[in-house]
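S.K.: Before I ask anything, here is the structure I am working with.
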Amino acid sequence: MCGTVMLTDTHAHFDNAMPASDVAALMERAGKAGVSRVVAVGGDPGMNAAALRVAAMYPGLVRAAIGLDRHCATKGAGVDDLARAMATVPAGQVVAIGETGLDRHHAPETIAEQKRLMEAHLELSRSLRLPVVIHTRDADTDTFDLLESYARQWPGDPARIGVIHCYTGEGPFAERLMGLGFFISFSGIVTFRNAESLRSVVRGIPGDRLLIETDTPYLAPVPYRGRPNEPAFLPVIAACLAAVRGVSVEEISRLTSVNAARLFGWELKSY
Ligand SMILES: [Zn+2]
């Protein structure tokens with residue numbers, strides 16, 4: 001695209017209470033920063049509604065993922081609600097299921113319920129042949145066991161199985177997940193001063209497995225820490241990955257946008 005850096009933010013959450021004018025301003029800042037595509041990710045009924053709303057407002061720029069994250073595990077919501085929500089939107093607007101996953105760091109006491117909810121997502125994901133967006137923290141063994149059986153029964157394109165978002169685990173675990181076919185996505189955490197071990201994980205990820213995300217509104221990268229995150233901050237994450245891997249920002253942008261297009265079934269542009 002003639003020197004213009006085009007980036008894909010593969011993971012941003014929106015607040016359904018945000019006025020349309022604020023959403024428009026945020027998307028304009030993203031565009032000016034070179035972020036040409038955003039995956040709006042759900043995780044509870046409010047965030048799912050917000051993701052679908054923003055995807056409907058910006059059909060060329062934004063596509064949605066809907067899911068029920070681990071904090072919904074004990075609240076009685078079920079994946080049937082997701083299938084119903086999907087039936088109401090235009091085909092192609094929802095490109096993934098999630099986020100969902102396991103977290104023993106924040107809620108170890110609900111791990112059995114979290115596992116049941118994650119399994120229901122994996123089943124839905126398989127039946128729709130849509131990739132799954134996974135959160136995992138302090139739950140490597142349980143996460144791997146569930147994803148291994150998911151991967152074994154995956155009926156779709158092997159390149160479109162899913163992504164481990166906001167990866168903060170160790171290198172060998174990333175290797176095992178990539179062995180199942182997953183992409184590994186890095187957030188602004190890679191820019192944090194104390195994230196040297198995560199930066200060494202970044203170095204070891206093959207280019208064709210790499211994605212980037214902001215995880216808006218959380219985890220604003222350096223030098224924006226303390227502020228609400230937004231897709232317009234993605235270039236500093238791309239720049240960090242470029243520096244760590246010893247390649248140009250353009251190369252990281254192209255690579256991660258092509259990978260995102262493959263995973264989410266978005267048409268490939270000429271990057
Ligand atoms: Zn998230």
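Quick note on naming: the chains in the structure tokens go A, B, ... in the order shown, residues restart at 1 in each chain, and ligands are numbered from 1 in order of appearance.
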For region 122-124 of chain A, work out the shell of residues within 8 Å, counting only C-alpha atoms and skipping chain neighbours fewer than 3 positions away, then give it as JSON, numbers by chain.
M.R.: {"A": [79, 97, 118, 119, 127, 128, 132, 150]}
S.K.: Would you output that residue set with N, CA and C atoms, as a PDB file, in the first residue's frame?
M.R.:
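Result written to again-v1.pdb:
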ATOM      1  N   VAL A  79     -24.209 -20.998  25.690  1.00  0.00           N
ATOM      2  CA  VAL A  79     -23.851 -20.731  24.302  1.00  0.00           C
ATOM      3  C   VAL A  79     -25.076 -20.717  23.377  1.00  0.00           C
ATOM      4  N   ILE A  97     -15.581 -17.194  17.446  1.00  0.00           N
ATOM      5  CA  ILE A  97     -16.274 -17.450  18.714  1.00  0.00           C
ATOM      6  C   ILE A  97     -15.296 -17.128  19.843  1.00  0.00           C
ATOM      7  N   MET A 118     -16.037 -23.412  28.462  1.00  0.00           N
ATOM      8  CA  MET A 118     -15.085 -23.405  27.344  1.00  0.00           C
ATOM      9  C   MET A 118     -15.386 -24.550  26.382  1.00  0.00           C
ATOM     10  N   GLU A 119     -15.687 -25.716  26.926  1.00  0.00           N
ATOM     11  CA  GLU A 119     -16.003 -26.860  26.058  1.00  0.00           C
ATOM     12  C   GLU A 119     -17.228 -26.592  25.187  1.00  0.00           C
ATOM     13  N   SER A 127     -18.957 -26.589  15.218  1.00  0.00           N
ATOM     14  CA  SER A 127     -20.171 -26.782  14.415  1.00  0.00           C
ATOM     15  C   SER A 127     -20.324 -25.641  13.407  1.00  0.00           C
ATOM     16  N   LEU A 128     -19.821 -24.451  13.734  1.00  0.00           N
ATOM     17  CA  LEU A 128     -19.925 -23.316  12.800  1.00  0.00           C
ATOM     18  C   LEU A 128     -18.688 -23.181  11.911  1.00  0.00           C
ATOM     19  N   VAL A 132     -11.771 -20.063  17.211  1.00  0.00           N
ATOM     20  CA  VAL A 132     -12.072 -19.715  18.597  1.00  0.00           C
ATOM     21  C   VAL A 132     -10.969 -18.794  19.141  1.00  0.00           C
ATOM     22  N   TYR A 150     -10.214 -30.572  20.849  1.00  0.00           N
ATOM     23  CA  TYR A 150     -10.878 -29.684  19.874  1.00  0.00           C
ATOM     24  C   TYR A 150     -10.172 -29.776  18.520  1.00  0.00           C
TER      25      TYR A 150
END
S.K.: Could you list, as a ChimeraX atom specification, all residues that come within 12 Å of ligand 1? Count only C-alpha atoms and all ligand atoms.
M.R.: /A:9-14,39-44,47-48,51,65-71,98-101,133-136,163-167,185-187,213-219,229
S.K.: Calculated over only C-alpha atoms, which of the candidates A:Ser257, A:Ser125, A:Ser197, A:Thr141 has the smallest distance to Gln153 (chain A)?
M.R.: A:Ser125
S.K.: Hey, what does DSSP flag as helix (DSSP H, G or I) within region 7-237 of chain A? Can you give it to me as a PyMOL selection string?
M.R.: chain A and resi 20-32+45-57+70-72+79-86+108-128+140-152+158-160+171-180+188-191+196-203+207-209+231-237
S.K.: With DSSP run on the backbone, what are the strand (DSSP E or B) residues within region 1-200 of chain A? I'd like them as a ChimeraX atom specification.
M.R.: /A:7-12,35-43,62-68,94-103,132-137,162-164,183-186
S.K.: Can you write just those residues out, C-alpha atoms, as a PDB file, in the first residue's frame?
M.R.:
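part_6.pdb, freshly written:
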ATOM      1  CA  LEU A   7      -2.362  -2.882  10.786  1.00  0.00           C
ATOM      2  CA  THR A   8      -4.997  -5.306  12.077  1.00  0.00           C
ATOM      3  CA  ASP A   9      -5.997  -5.135  15.733  1.00  0.00           C
ATOM      4  CA  THR A  10      -7.190  -8.696  16.364  1.00  0.00           C
ATOM      5  CA  HIS A  11      -8.689  -8.055  19.803  1.00  0.00           C
ATOM      6  CA  ALA A  12     -10.551  -4.994  21.077  1.00  0.00           C
ATOM      7  CA  VAL A  35      -5.100   0.469  11.842  1.00  0.00           C
ATOM      8  CA  SER A  36      -7.269  -0.630   8.954  1.00  0.00           C
ATOM      9  CA  ARG A  37      -9.034  -3.599  10.540  1.00  0.00           C
ATOM     10  CA  VAL A  38     -10.311  -4.397  14.019  1.00  0.00           C
ATOM     11  CA  VAL A  39     -11.827  -7.569  15.446  1.00  0.00           C
ATOM     12  CA  ALA A  40     -14.384  -6.450  18.052  1.00  0.00           C
ATOM     13  CA  VAL A  41     -14.406  -9.171  20.673  1.00  0.00           C
ATOM     14  CA  GLY A  42     -17.223 -10.027  23.061  1.00  0.00           C
ATOM     15  CA  GLY A  43     -17.099 -11.987  26.291  1.00  0.00           C
ATOM     16  CA  VAL A  62     -14.688  -4.158  11.958  1.00  0.00           C
ATOM     17  CA  ARG A  63     -15.826  -7.755  12.363  1.00  0.00           C
ATOM     18  CA  ALA A  64     -17.055  -9.405  15.517  1.00  0.00           C
ATOM     19  CA  ALA A  65     -16.288 -12.351  17.756  1.00  0.00           C
ATOM     20  CA  ILE A  66     -18.904 -13.310  20.310  1.00  0.00           C
ATOM     21  CA  GLY A  67     -18.552 -15.474  23.371  1.00  0.00           C
ATOM     22  CA  LEU A  68     -18.952 -15.853  27.094  1.00  0.00           C
ATOM     23  CA  VAL A  94     -19.238 -12.702  13.107  1.00  0.00           C
ATOM     24  CA  VAL A  95     -15.836 -14.174  12.242  1.00  0.00           C
ATOM     25  CA  ALA A  96     -14.974 -16.017  15.450  1.00  0.00           C
ATOM     26  CA  ILE A  97     -16.274 -17.450  18.714  1.00  0.00           C
ATOM     27  CA  GLY A  98     -14.870 -15.955  21.923  1.00  0.00           C
ATOM     28  CA  GLU A  99     -13.274 -14.916  23.908  1.00  0.00           C
ATOM     29  CA  THR A 100     -13.522 -17.844  26.242  1.00  0.00           C
ATOM     30  CA  GLY A 101     -11.068 -19.819  28.302  1.00  0.00           C
ATOM     31  CA  LEU A 102      -9.591 -20.683  31.656  1.00  0.00           C
ATOM     32  CA  ASP A 103      -8.127 -18.500  34.372  1.00  0.00           C
ATOM     33  CA  VAL A 132     -12.072 -19.715  18.597  1.00  0.00           C
ATOM     34  CA  VAL A 133     -10.465 -16.872  20.585  1.00  0.00           C
ATOM     35  CA  ILE A 134      -8.874 -18.287  23.748  1.00  0.00           C
ATOM     36  CA  HIS A 135      -7.852 -16.687  27.013  1.00  0.00           C
ATOM     37  CA  THR A 136      -5.588 -18.794  29.217  1.00  0.00           C
ATOM     38  CA  ARG A 137      -3.831 -17.876  32.421  1.00  0.00           C
ATOM     39  CA  GLY A 162      -8.115 -20.236  16.471  1.00  0.00           C
ATOM     40  CA  VAL A 163      -5.880 -17.873  18.411  1.00  0.00           C
ATOM     41  CA  ILE A 164      -4.452 -17.713  21.895  1.00  0.00           C
ATOM     42  CA  PHE A 183      -1.955 -18.501  16.212  1.00  0.00           C
ATOM     43  CA  ILE A 184      -0.278 -16.652  19.087  1.00  0.00           C
ATOM     44  CA  SER A 185      -1.306 -13.035  19.658  1.00  0.00           C
ATOM     45  CA  PHE A 186       0.682 -10.490  21.649  1.00  0.00           C
TER      46      PHE A 186
END
S.K.: Near Ala151 (chain A), counting only C-alpha atoms, which residues have an atom at most 8 Å away, once you skip same-chain residues fewer than 5 positions from it, shown as number ranges by chain?
M.R.: A: 161, 180-181
